[in-house]
Amino acid sequence: TDGMVALFMTFFFGSIYLSVAALFVGVHLSTLPGLLAGIYVGGFEMGIPFLFFALALRDTTNPALVNQLTYLSPFLSLFLIATFLGETITMHTILGLVLIVLGIVINEFVVSRFTKSSNA
């Protein structure tokens with residue numbers, strides 16, 4: 001099947017399973033703010049980004065690079081949070097970002113050179 005259809009079916013049936021499970025654990029889905037928050041998280045924080053990620057993986061010649069670029073999204077998020085919400089960025093956050101970048105650099109240069117030399 002097409003990846004987009006599989007992605008849609010995953011989110012569709014996941015929504016059904018979670019709705020049924022919510023009945024057993026006492027989550028009330030009857031409030032409008034809660035329902036709208038769930039739709040927002042499901043659509044804009046999960047569904048649409050996964051859709052664009054799948055499209056990028058399908059249309060690229062280097063899927064590993066696309067995958068690594070997704071780890072840079074925290075930089076954009078921190079910039080938007082600091083700019084529009086006025087939250088402060090702590091040293092722990094900066095340390096986390098440094099570790100993300102360090103992991104990308106290690107993966108790109110060290111691991112890729114090691115695999116190229118072992119394949120030659």
# chains A, B, ... in the order shown; residues from 1 in each chain; ligands from 1
>>> residues_around(residues="A:Leu57", least_positions_apart="6", cutoff="8 Å", atoms="only C-alpha atoms", output="JSON, numbers by chain")
{"A": [63, 66, 67]}
>>> closest_residue(among="A:Phe50, A:Phe75, A:Phe109, A:Tyr40", to="A:Phe8", atoms="only C-alpha atoms")
A:Phe50
>>> closest_residue(among="A:Leu72, A:Glu87, A:Ile39, A:Leu51", to="A:Gly103", atoms="only C-alpha atoms")
A:Leu72
>>> select_by_dssp(residues="stretch 38-116 of chain A", states="alpha helix (DSSP H)", output="ChimeraX atom specification")
/A:38-40,48-59,63-69,73-80,91-105,112-116
>>> residues_around(residues="stretch 91-102 of chain A", least_positions_apart="2", cutoff="10 Å", atoms="only C-alpha atoms", output="JSON, numbers by chain")
{"A": [68, 71, 72, 74, 75, 78, 88, 89, 104, 105, 106, 107, 108]}
>>> atom_distance(atom1="atom CA of A:Ala82", atom2="atom CA of A:Ala56")
27.8 Å
>>> atom_distance(atom1="atom CA of A:Thr60", atom2="atom CA of A:Phe11")
24.1 Å
